[in-house]
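Asks: Pasting entry_5.cif here (mmCIF, C-alpha atoms):
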```cif
data_run
loop_
_atom_site.group_PDB
_atom_site.id
_atom_site.type_symbol
_atom_site.label_atom_id
_atom_site.label_comp_id
_atom_site.auth_asym_id
_atom_site.auth_seq_id
_atom_site.Cartn_x
_atom_site.Cartn_y
_atom_site.Cartn_z
ATOM 1 C CA MET X 12 -13.520 8.892 8.736
ATOM 2 C CA ALA X 13 -16.681 9.557 6.730
ATOM 3 C CA GLU X 14 -14.664 10.715 3.717
ATOM 4 C CA ALA X 15 -12.441 7.643 3.892
ATOM 5 C CA ILE X 16 -15.494 5.369 4.008
ATOM 6 C CA VAL X 17 -17.024 6.985 0.913
ATOM 7 C CA SER X 18 -13.735 7.095 -0.985
ATOM 8 C CA THR X 19 -12.748 3.477 -0.413
ATOM 9 C CA ALA X 20 -16.291 2.243 -1.053
ATOM 10 C CA SER X 21 -16.008 3.749 -4.538
ATOM 11 C CA GLY X 22 -12.670 2.029 -5.156
ATOM 12 C CA VAL X 23 -10.414 5.022 -4.484
ATOM 13 C CA PRO X 24 -7.791 4.476 -1.742
ATOM 14 C CA TRP X 25 -7.554 6.988 1.104
ATOM 15 C CA THR X 26 -4.002 8.040 1.960
ATOM 16 C CA GLU X 27 -2.970 9.803 5.144
ATOM 17 C CA SER X 28 -0.356 9.861 7.869
ATOM 18 C CA TRP X 29 -1.214 7.797 10.932
ATOM 19 C CA SER X 30 0.328 8.188 14.363
ATOM 20 C CA THR X 31 2.383 5.261 15.623
ATOM 21 C CA GLY X 32 2.582 6.524 19.204
ATOM 22 C CA GLY X 33 5.973 5.717 20.684
ATOM 23 C CA ARG X 34 6.819 3.225 17.940
ATOM 24 C CA ARG X 35 9.818 4.313 15.850
ATOM 25 C CA GLN X 36 10.522 1.071 13.998
ATOM 26 C CA GLY X 37 8.887 -2.199 13.059
ATOM 27 C CA ILE X 38 6.718 -0.884 10.199
ATOM 28 C CA GLU X 39 8.072 -1.013 6.643
ATOM 29 C CA PRO X 40 6.641 0.042 3.271
ATOM 30 C CA GLY X 41 4.432 -2.761 1.999
ATOM 31 C CA ASP X 42 3.347 -3.968 5.451
ATOM 32 C CA ARG X 43 -0.349 -4.792 5.885
ATOM 33 C CA VAL X 44 -2.046 -2.663 8.537
ATOM 34 C CA TYR X 45 -5.465 -2.662 10.185
ATOM 35 C CA LEU X 46 -7.451 0.002 11.969
ATOM 36 C CA LEU X 47 -8.843 -1.471 15.189
ATOM 37 C CA ARG X 48 -11.639 0.621 16.660
ATOM 38 C CA GLN X 49 -11.556 0.987 20.443
ATOM 39 C CA GLY X 50 -14.004 2.213 23.071
ATOM 40 C CA THR X 51 -17.258 0.994 24.562
ATOM 41 C CA ALA X 52 -19.478 1.653 21.545
ATOM 42 C CA GLY X 53 -18.200 -1.352 19.620
ATOM 43 C CA ARG X 54 -14.652 -2.634 19.083
ATOM 44 C CA GLY X 55 -13.254 -4.343 16.008
ATOM 45 C CA ILE X 56 -11.478 -3.878 12.682
ATOM 46 C CA VAL X 57 -12.896 -0.991 10.661
ATOM 47 C CA GLY X 58 -10.128 -0.470 8.124
ATOM 48 C CA SER X 59 -7.274 -2.077 6.217
ATOM 49 C CA GLY X 60 -4.431 -0.704 4.162
ATOM 50 C CA ILE X 61 -0.778 -0.804 3.196
ATOM 51 C CA ALA X 62 2.054 1.166 4.806
ATOM 52 C CA ILE X 63 3.734 3.241 2.082
ATOM 53 C CA SER X 64 6.521 4.841 4.121
ATOM 54 C CA HIS X 65 8.897 4.268 6.963
ATOM 55 C CA ILE X 66 8.092 5.776 10.370
ATOM 56 C CA GLU X 67 9.094 9.432 10.494
ATOM 57 C CA SER X 68 8.824 12.213 13.071
ATOM 58 C CA ASP X 69 6.863 15.381 12.355
ATOM 59 C CA GLN X 70 4.955 18.091 14.157
ATOM 60 C CA HIS X 71 2.542 16.772 16.769
ATOM 61 C CA TRP X 72 -1.104 16.909 15.636
ATOM 62 C CA ALA X 73 -2.253 18.592 18.860
ATOM 63 C CA ASP X 74 0.808 20.513 20.093
ATOM 64 C CA SER X 75 3.046 22.282 17.576
ATOM 65 C CA SER X 76 5.844 22.524 20.151
ATOM 66 C CA LYS X 77 6.176 18.733 20.188
ATOM 67 C CA THR X 78 6.801 16.002 17.633
ATOM 68 C CA ALA X 79 5.029 12.728 16.964
ATOM 69 C CA ASN X 80 5.809 9.587 14.971
ATOM 70 C CA TYR X 81 3.849 8.869 11.804
ATOM 71 C CA VAL X 82 3.620 6.340 8.997
ATOM 72 C CA ASP X 83 1.867 7.000 5.682
ATOM 73 C CA VAL X 84 -0.920 4.498 5.060
ATOM 74 C CA GLU X 85 -2.906 3.875 1.894
ATOM 75 C CA TRP X 86 -6.228 2.587 3.241
ATOM 76 C CA ASP X 87 -7.966 0.300 0.733
ATOM 77 C CA ARG X 88 -11.188 -0.149 2.740
ATOM 78 C CA VAL X 89 -12.620 1.772 5.674
ATOM 79 C CA VAL X 90 -16.071 0.966 7.049
ATOM 80 C CA ALA X 91 -18.497 2.423 9.562
ATOM 81 C CA ALA X 92 -18.429 1.207 13.152
ATOM 82 C CA GLY X 93 -21.614 -0.794 12.582
ATOM 83 C CA ASP X 94 -19.948 -2.721 9.763
ATOM 84 C CA ARG X 95 -16.842 -3.636 11.763
ATOM 85 C CA LEU X 96 -15.338 -7.090 12.072
ATOM 86 C CA ASP X 97 -16.231 -7.447 15.728
ATOM 87 C CA ILE X 98 -13.584 -7.953 18.366
ATOM 88 C CA GLU X 99 -15.353 -11.028 19.742
ATOM 89 C CA ASP X 100 -15.129 -12.740 16.345
ATOM 90 C CA LEU X 101 -11.415 -11.905 16.195
ATOM 91 C CA LYS X 102 -10.811 -13.241 19.692
ATOM 92 C CA ALA X 103 -12.655 -16.464 18.921
ATOM 93 C CA ALA X 104 -10.764 -17.046 15.667
ATOM 94 C CA PHE X 105 -7.329 -15.963 16.912
ATOM 95 C CA PRO X 106 -7.122 -16.280 20.704
ATOM 96 C CA GLU X 107 -3.311 -16.178 20.621
ATOM 97 C CA GLN X 108 -3.302 -12.631 19.194
ATOM 98 C CA ASN X 109 -3.341 -9.604 21.523
ATOM 99 C CA TRP X 110 -6.421 -7.582 20.528
ATOM 100 C CA ARG X 111 -5.820 -4.774 23.025
ATOM 101 C CA PRO X 112 -3.116 -2.671 21.354
ATOM 102 C CA GLN X 113 -1.455 0.318 22.977
ATOM 103 C CA SER X 114 -1.176 3.653 21.185
ATOM 104 C CA SER X 115 1.845 2.359 19.277
ATOM 105 C CA GLY X 116 -0.121 -0.622 17.992
ATOM 106 C CA ASN X 117 0.624 -4.338 18.044
ATOM 107 C CA GLN X 118 2.147 -6.575 15.419
ATOM 108 C CA VAL X 119 -0.186 -9.183 13.966
ATOM 109 C CA ARG X 120 1.475 -12.511 14.723
ATOM 110 C CA PRO X 121 3.127 -13.898 11.540
ATOM 111 C CA GLU X 122 1.480 -17.285 11.917
ATOM 112 C CA VAL X 123 -2.035 -15.773 11.793
ATOM 113 C CA SER X 124 -1.538 -12.749 9.519
ATOM 114 C CA ALA X 125 -2.767 -14.463 6.333
ATOM 115 C CA ALA X 126 -5.802 -15.892 8.127
ATOM 116 C CA VAL X 127 -6.679 -12.506 9.649
ATOM 117 C CA ASP X 128 -6.624 -10.935 6.204
ATOM 118 C CA GLN X 129 -8.759 -13.747 4.813
ATOM 119 C CA LEU X 130 -11.344 -13.325 7.576
ATOM 120 C CA TRP X 131 -11.438 -9.557 7.003
ATOM 121 C CA SER X 132 -11.846 -10.013 3.231
ATOM 122 C CA GLU X 133 -14.663 -12.509 3.735
ATOM 123 C CA HIS X 134 -16.329 -10.169 6.223
ATOM 124 C CA ILE X 135 -16.229 -7.287 3.728
ATOM 125 C CA ALA X 136 -17.560 -9.488 0.930
ATOM 126 C CA GLN X 137 -20.457 -10.741 3.064
ATOM 127 C CA THR X 138 -21.314 -7.461 4.781
ATOM 128 C CA LEU X 139 -20.858 -4.807 2.125
ATOM 129 C CA PRO X 140 -21.219 -4.500 -1.643
ATOM 130 C CA PRO X 141 -17.872 -4.661 -3.448
ATOM 131 C CA ALA X 142 -16.016 -1.423 -4.005
ATOM 132 C CA ALA X 143 -16.598 -0.136 -7.512
ATOM 133 C CA PRO X 144 -13.348 0.756 -9.318
ATOM 134 C CA ARG X 145 -13.563 4.302 -10.669
ATOM 135 C CA GLY X 146 -11.066 4.885 -13.457
ATOM 136 C CA GLY X 147 -7.325 5.144 -12.899
ATOM 137 C CA GLN X 148 -5.538 2.158 -11.569
ATOM 138 C CA GLY X 149 -8.683 0.366 -10.381
ATOM 139 C CA HIS X 150 -7.490 -0.649 -6.904
ATOM 140 C CA GLN X 151 -8.747 -3.990 -5.683
ATOM 141 C CA THR X 152 -10.783 -4.353 -2.519
ATOM 142 C CA LEU X 153 -9.452 -7.773 -1.646
ATOM 143 C CA THR X 154 -5.837 -7.745 -0.626
ATOM 144 C CA ALA X 155 -5.050 -11.125 -2.164
ATOM 145 C CA ILE X 156 -6.055 -9.948 -5.640
ATOM 146 C CA ARG X 157 -4.160 -6.694 -5.330
ATOM 147 C CA ILE X 158 -0.968 -8.371 -4.138
ATOM 148 C CA LYS X 159 -1.109 -10.899 -6.993
ATOM 149 C CA ILE X 160 -1.447 -8.090 -9.544
ATOM 150 C CA GLU X 161 1.376 -6.037 -8.050
ATOM 151 C CA MET X 162 3.769 -8.975 -7.739
ATOM 152 C CA ALA X 163 2.953 -10.231 -11.240
ATOM 153 C CA ALA X 164 3.854 -6.829 -12.683
ATOM 154 C CA GLN X 165 7.071 -6.642 -10.676
ATOM 155 C CA ASN X 166 8.133 -10.173 -11.600
ATOM 156 C CA ARG X 167 7.474 -9.459 -15.258
ATOM 157 C CA LEU X 168 9.555 -6.274 -15.197
ATOM 158 C CA MET X 169 12.415 -7.983 -13.367
ATOM 159 C CA ALA X 170 12.353 -10.891 -15.830
ATOM 160 C CA HIS X 171 12.444 -8.424 -18.727
ATOM 161 C CA PHE X 172 15.654 -6.849 -17.432
ATOM 162 C CA GLU X 173 17.218 -10.201 -16.556
ATOM 163 C CA SER X 174 16.615 -11.327 -20.152
ATOM 164 C CA GLU X 175 18.600 -8.264 -21.275
ATOM 165 C CA GLY X 176 21.613 -9.335 -19.195
ATOM 166 C CA TRP X 177 20.998 -7.263 -16.069
ATOM 167 C CA THR X 178 21.414 -8.536 -12.511
ATOM 168 C CA VAL X 179 18.205 -7.640 -10.675
ATOM 169 C CA GLU X 180 17.666 -7.270 -6.921
ATOM 170 C CA ASP X 181 14.181 -7.127 -5.361
ATOM 171 C CA THR X 182 14.011 -4.014 -3.132
ATOM 172 C CA HIS X 183 10.290 -3.276 -2.896
ATOM 173 C CA LEU X 184 10.132 -3.810 0.887
ATOM 174 C CA THR X 185 13.063 -1.575 1.772
ATOM 175 C CA HIS X 186 13.318 1.196 -0.839
ATOM 176 C CA PRO X 187 11.047 3.622 -2.734
ATOM 177 C CA TYR X 188 11.507 1.546 -5.901
ATOM 178 C CA ASP X 189 10.647 -2.077 -6.599
ATOM 179 C CA ALA X 190 13.970 -3.398 -7.858
ATOM 180 C CA LYS X 191 17.544 -2.399 -8.678
ATOM 181 C CA ALA X 192 19.155 -3.593 -11.896
ATOM 182 C CA THR X 193 22.910 -3.529 -12.488
ATOM 183 C CA ARG X 194 24.959 -4.365 -15.557
ATOM 184 C CA GLY X 195 28.638 -3.585 -15.287
ATOM 185 C CA ARG X 196 28.791 0.008 -14.069
ATOM 186 C CA GLU X 197 25.232 0.732 -15.140
ATOM 187 C CA VAL X 198 22.528 1.057 -12.472
ATOM 188 C CA CYS X 199 18.818 1.266 -13.158
ATOM 189 C CA TYR X 200 15.963 1.625 -10.658
ATOM 190 C CA LEU X 201 12.789 -0.255 -11.566
ATOM 191 C CA GLU X 202 9.209 0.643 -10.678
ATOM 192 C CA ALA X 203 6.367 -1.732 -11.578
ATOM 193 C CA LYS X 204 2.634 -1.079 -11.788
ATOM 194 C CA GLY X 205 -0.071 -3.645 -12.469
ATOM 195 C CA THR X 206 -3.695 -2.781 -13.153
ATOM 196 C CA GLN X 207 -6.887 -4.251 -14.553
ATOM 197 C CA SER X 208 -7.661 -0.874 -16.143
ATOM 198 C CA ASN X 209 -6.293 0.404 -19.448
ATOM 199 C CA GLY X 210 -3.287 1.878 -17.645
ATOM 200 C CA ALA X 211 -3.874 5.432 -18.865
ATOM 201 C CA THR X 212 -3.119 6.547 -15.311
ATOM 202 C CA VAL X 213 -1.391 4.709 -12.482
ATOM 203 C CA ILE X 214 -0.996 5.620 -8.830
ATOM 204 C CA VAL X 215 2.508 6.604 -7.726
ATOM 205 C CA THR X 216 3.572 7.577 -4.220
ATOM 206 C CA LYS X 217 5.409 10.707 -3.160
ATOM 207 C CA GLY X 218 8.458 8.594 -2.321
ATOM 208 C CA GLU X 219 8.487 7.032 -5.784
ATOM 209 C CA VAL X 220 8.191 10.420 -7.471
ATOM 210 C CA ASP X 221 10.864 12.030 -5.283
ATOM 211 C CA HIS X 222 13.309 9.191 -5.952
ATOM 212 C CA ALA X 223 12.726 9.328 -9.704
ATOM 213 C CA ARG X 224 13.200 13.095 -9.815
ATOM 214 C CA ASN X 225 16.412 12.806 -7.785
ATOM 215 C CA ASN X 226 17.773 10.137 -10.154
ATOM 216 C CA PRO X 227 16.962 11.410 -13.660
ATOM 217 C CA GLY X 228 17.769 9.042 -16.481
ATOM 218 C CA ARG X 229 18.212 6.070 -14.149
ATOM 219 C CA CYS X 230 14.586 5.110 -13.432
ATOM 220 C CA VAL X 231 12.311 2.900 -15.510
ATOM 221 C CA ILE X 232 8.661 2.014 -15.019
ATOM 222 C CA GLY X 233 6.947 -1.110 -16.320
ATOM 223 C CA ILE X 234 3.150 -0.960 -16.607
ATOM 224 C CA TRP X 235 1.116 -4.133 -17.105
ATOM 225 C CA SER X 236 -2.420 -3.007 -17.951
ATOM 226 C CA GLY X 237 -5.581 -4.966 -18.718
ATOM 227 C CA ILE X 238 -4.650 -7.801 -16.365
ATOM 228 C CA THR X 239 -7.219 -10.587 -16.096
ATOM 229 C CA PHE X 240 -7.284 -13.773 -14.044
ATOM 230 C CA ASP X 241 -7.228 -17.403 -15.099
ATOM 231 C CA GLY X 242 -8.896 -18.975 -12.098
ATOM 232 C CA ASP X 243 -7.051 -17.747 -9.010
ATOM 233 C CA ASP X 244 -3.915 -16.660 -10.845
ATOM 234 C CA VAL X 245 -2.996 -13.791 -13.127
ATOM 235 C CA ASP X 246 -3.360 -14.744 -16.780
ATOM 236 C CA GLU X 247 0.183 -14.309 -18.091
ATOM 237 C CA LEU X 248 -1.123 -13.766 -21.632
ATOM 238 C CA SER X 249 -3.571 -11.018 -20.726
ATOM 239 C CA GLY X 250 -3.254 -7.285 -21.223
ATOM 240 C CA ASP X 251 -0.379 -5.170 -22.446
ATOM 241 C CA PHE X 252 3.065 -4.618 -20.947
ATOM 242 C CA ARG X 253 5.142 -1.550 -21.698
ATOM 243 C CA VAL X 254 8.446 -0.312 -20.339
ATOM 244 C CA MET X 255 9.365 3.371 -20.414
ATOM 245 C CA PRO X 256 11.542 5.937 -18.634
ATOM 246 C CA PHE X 257 10.074 6.979 -15.289
ATOM 247 C CA GLU X 258 10.518 10.751 -15.405
ATOM 248 C CA PRO X 259 7.407 12.185 -13.739
ATOM 249 C CA ARG X 260 6.854 15.896 -14.268
ATOM 250 C CA TYR X 261 4.668 17.851 -11.870
ATOM 251 C CA GLU X 262 2.225 18.784 -14.632
ATOM 252 C CA GLU X 263 1.657 15.059 -15.222
ATOM 253 C CA LEU X 264 0.718 14.402 -11.572
ATOM 254 C CA THR X 265 -2.742 14.756 -10.025
ATOM 255 C CA ALA X 266 -2.784 15.311 -6.264
ATOM 256 C CA LYS X 267 -4.839 12.837 -4.226
ATOM 257 C CA THR X 268 -4.168 14.337 -0.781
ATOM 258 C CA PHE X 269 -2.322 17.298 0.721
ATOM 259 C CA ASP X 270 -0.412 17.893 3.946
ATOM 260 C CA TRP X 271 -1.568 21.229 5.332
ATOM 261 C CA THR X 272 0.487 23.048 7.959
ATOM 262 C CA THR X 273 -2.106 24.965 9.906
ATOM 263 C CA PRO X 274 -1.498 28.639 10.810
#
```
Show this structure as structure tokens.
Replies:
Amino acid sequence: MAEAIVSTASGVPWTESWSTGGRRQGIEPGDRVYLLRQGTAGRGIVGSGIAISHIESDQHWADSSKTANYVDVEWDRVVAAGDRLDIEDLKAAFPEQNWRPQSSGNQVRPEVSAAVDQLWSEHIAQTLPPAAPRGGQGHQTLTAIRIKIEMAAQNRLMAHFESEGWTVEDTHLTHPYDAKATRGREVCYLEAKGTQSNGATVIVTKGEVDHARNNPGRCVIGIWSGITFDGDDVDELSGDFRVMPFEPRYEELTAKTFDWTTP
């Protein structure tokens, strides 16, 4: 927890597998997730992130003879218990939402999800100094900004292929690539990355790398770097956009986290 707090405060996401209890479905890559602290010492939201995998079974964290269900989460902000968005504030703002989740968690009701994220973002902005981007892809603290950057990059890449006569299907919520382009018998898998940095490095997930390595010659990545905003929207004329083959080699990858199977 302490490492995640320090990492995300400096602008570097913290990625790890999180137990979903008995839940085996209902969480998809790209879903927004929150860490709701329990107990008598102070309840409330202490973390937010994005699911980057489907739910999968693996060895139980406490009993190697059993299995447990996990989802990989890229936490974009984790805070100390004293800096939480308190449960009483959540109850007052969203009385229709169940704020007593079981071990498998609860779904945030669709009609309040955007407002919950807005309240959390405002709480972070008012309570803590903004996370300082540190090189690389420069992840955004506020979800709204990050989503706008990611979707702008994806839309630009899809439009690029459509202008070349490809039929493009958005797949970013269901597959380890953002879109699938077809033209006759040709198939191309598209990965998009948007960043406010110079784009010298971008963050890619294990699933994205595995898919690209299993489909050599059929994967393309579009990187929109140097993105700036015109008011609340991405400035379409800002930065640089480049399209290249997505053929990641292990020597080009820098590990952010490891899964360690204990002896």
Asks: Which distance in Å separates CA of Asp74 (chain X) and CA of Thr26 (chain X), to one decimal?
Replies: 22.5 Å
Asks: Report as JSON, numbers by chain the full result of the PyMOL selection byres ((chain X and resi 125-139) around 12) when it is applied to this structure.
Replies: {"X": [16, 19, 20, 21, 43, 44, 45, 46, 47, 55, 56, 57, 58, 59, 60, 87, 88, 89, 90, 91, 93, 94, 95, 96, 97, 98, 100, 101, 102, 103, 104, 105, 106, 108, 110, 119, 120, 121, 122, 123, 124, 140, 141, 142, 143, 151, 152, 153, 154, 155, 156, 157]}
Asks: Considering all atoms listed in the file, state which residue in the set X:Ser249, X:Ser236, X:Thr185, X:Asn117 is at the smallest distance from Glu161 (chain X).
Replies: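 With all atoms listed in the file as the atom set, the closest residue is X:Ser236.
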Asks: Which residues fall under the PyMOL selection byres ((chain X and resi 176) around 12) in this file, as a ChimeraX atom specification?
Replies: /X:169-175,177-179,192-195,197
Asks: Using all atoms listed in the file, which residues sit within 7 Å of Gly205 (chain X) once same-chain residues fewer than 2 positions away are excluded, as a list of chain:residue names?
Replies: X:Ile160, X:Glu161, X:Ala164, X:Ala203, X:Ile234, X:Trp235, X:Ser236
Asks: Please compute the CA of Thr212 (chain X)-CA of Gln165 (chain X) distance, one decimal, in Å.
Replies: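 So the two atoms, CA of Thr212 (chain X) and CA of Gln165 (chain X), lie 17.3 Å apart.
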Asks: May I ask which of the residues X:Ile214, X:Ile66, X:Leu201, X:Ala79 is the closest one to Gly37 (chain X), counting all atoms listed in the file?
Replies: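 Of X:Ile214, X:Ile66, X:Leu201, X:Ala79, the one nearest Gly37 (chain X), counting all atoms listed in the file, is X:Ile66.
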Asks: Considering only C-alpha atoms, can you say which of X:Pro274, X:Gly242, X:Gly33, X:Gly228 comes closest to Phe257 (chain X)?
Replies: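 So, comparing all the options, the nearest one is X:Gly228.
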Asks: Would you compute, for all listed atoms of region 171-184 of chain X, the axis-aligned bounding box grown by 8 Å on each side, and then report its centre and edge lengths in Å rounded to one decimal, as JSON?
Replies:
```
{"center_x": 15.9, "center_y": -7.3, "center_z": -10.2, "size_x": 27.5, "size_y": 24.1, "size_z": 38.2}
```
Asks: Mind filling out region 102-115 of chain X with N, CA, C and O atoms and sending it as a JSON list (two decimals), in the frame of the given file?
Replies:
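Contents of the output file part.json:
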```json
[["chain", "number", "residue", "atom", "x", "y", "z"],
["X", 102, "LYS", "N", -11.31, -12.49, 18.54],
["X", 102, "LYS", "CA", -10.81, -13.24, 19.69],
["X", 102, "LYS", "C", -11.09, -14.73, 19.55],
["X", 102, "LYS", "O", -10.25, -15.58, 19.89],
["X", 103, "ALA", "N", -12.28, -15.06, 19.06],
["X", 103, "ALA", "CA", -12.66, -16.46, 18.92],
["X", 103, "ALA", "C", -11.80, -17.16, 17.86],
["X", 103, "ALA", "O", -11.40, -18.32, 18.02],
["X", 104, "ALA", "N", -11.53, -16.45, 16.76],
["X", 104, "ALA", "CA", -10.76, -17.05, 15.67],
["X", 104, "ALA", "C", -9.27, -17.09, 15.95],
["X", 104, "ALA", "O", -8.58, -18.03, 15.54],
["X", 105, "PHE", "N", -8.77, -16.07, 16.68],
["X", 105, "PHE", "CA", -7.33, -15.96, 16.91],
["X", 105, "PHE", "C", -7.06, -15.61, 18.38],
["X", 105, "PHE", "O", -6.65, -14.49, 18.71],
["X", 106, "PRO", "N", -7.29, -16.56, 19.28],
["X", 106, "PRO", "CA", -7.12, -16.28, 20.70],
["X", 106, "PRO", "C", -5.69, -15.98, 21.10],
["X", 106, "PRO", "O", -5.45, -15.36, 22.13],
["X", 107, "GLU", "N", -4.72, -16.40, 20.28],
["X", 107, "GLU", "CA", -3.31, -16.18, 20.62],
["X", 107, "GLU", "C", -2.86, -14.75, 20.32],
["X", 107, "GLU", "O", -1.81, -14.32, 20.76],
["X", 108, "GLN", "N", -3.66, -14.00, 19.56],
["X", 108, "GLN", "CA", -3.30, -12.63, 19.19],
["X", 108, "GLN", "C", -3.78, -11.65, 20.27],
["X", 108, "GLN", "O", -4.87, -11.81, 20.82],
["X", 109, "ASN", "N", -2.95, -10.65, 20.59],
["X", 109, "ASN", "CA", -3.34, -9.60, 21.52],
["X", 109, "ASN", "C", -4.22, -8.59, 20.80],
["X", 109, "ASN", "O", -3.75, -7.88, 19.90],
["X", 110, "TRP", "N", -5.48, -8.50, 21.17],
["X", 110, "TRP", "CA", -6.42, -7.58, 20.53],
["X", 110, "TRP", "C", -6.67, -6.34, 21.35],
["X", 110, "TRP", "O", -7.68, -5.66, 21.19],
["X", 111, "ARG", "N", -5.73, -6.01, 22.25],
["X", 111, "ARG", "CA", -5.82, -4.77, 23.02],
["X", 111, "ARG", "C", -4.54, -3.96, 22.82],
["X", 111, "ARG", "O", -3.70, -3.87, 23.70],
["X", 112, "PRO", "N", -4.37, -3.38, 21.65],
["X", 112, "PRO", "CA", -3.12, -2.67, 21.35],
["X", 112, "PRO", "C", -2.99, -1.37, 22.12],
["X", 112, "PRO", "O", -3.98, -0.74, 22.50],
["X", 113, "GLN", "N", -1.74, -0.99, 22.40],
["X", 113, "GLN", "CA", -1.46, 0.32, 22.98],
["X", 113, "GLN", "C", -1.46, 1.35, 21.84],
["X", 113, "GLN", "O", -1.73, 1.03, 20.69],
["X", 114, "SER", "N", -1.13, 2.59, 22.19],
["X", 114, "SER", "CA", -1.18, 3.65, 21.18],
["X", 114, "SER", "C", -0.19, 3.41, 20.05],
["X", 114, "SER", "O", -0.37, 3.92, 18.93],
["X", 115, "SER", "N", 0.86, 2.65, 20.32],
["X", 115, "SER", "CA", 1.84, 2.36, 19.28],
["X", 115, "SER", "C", 1.46, 1.15, 18.44],
["X", 115, "SER", "O", 2.17, 0.79, 17.51]]
```
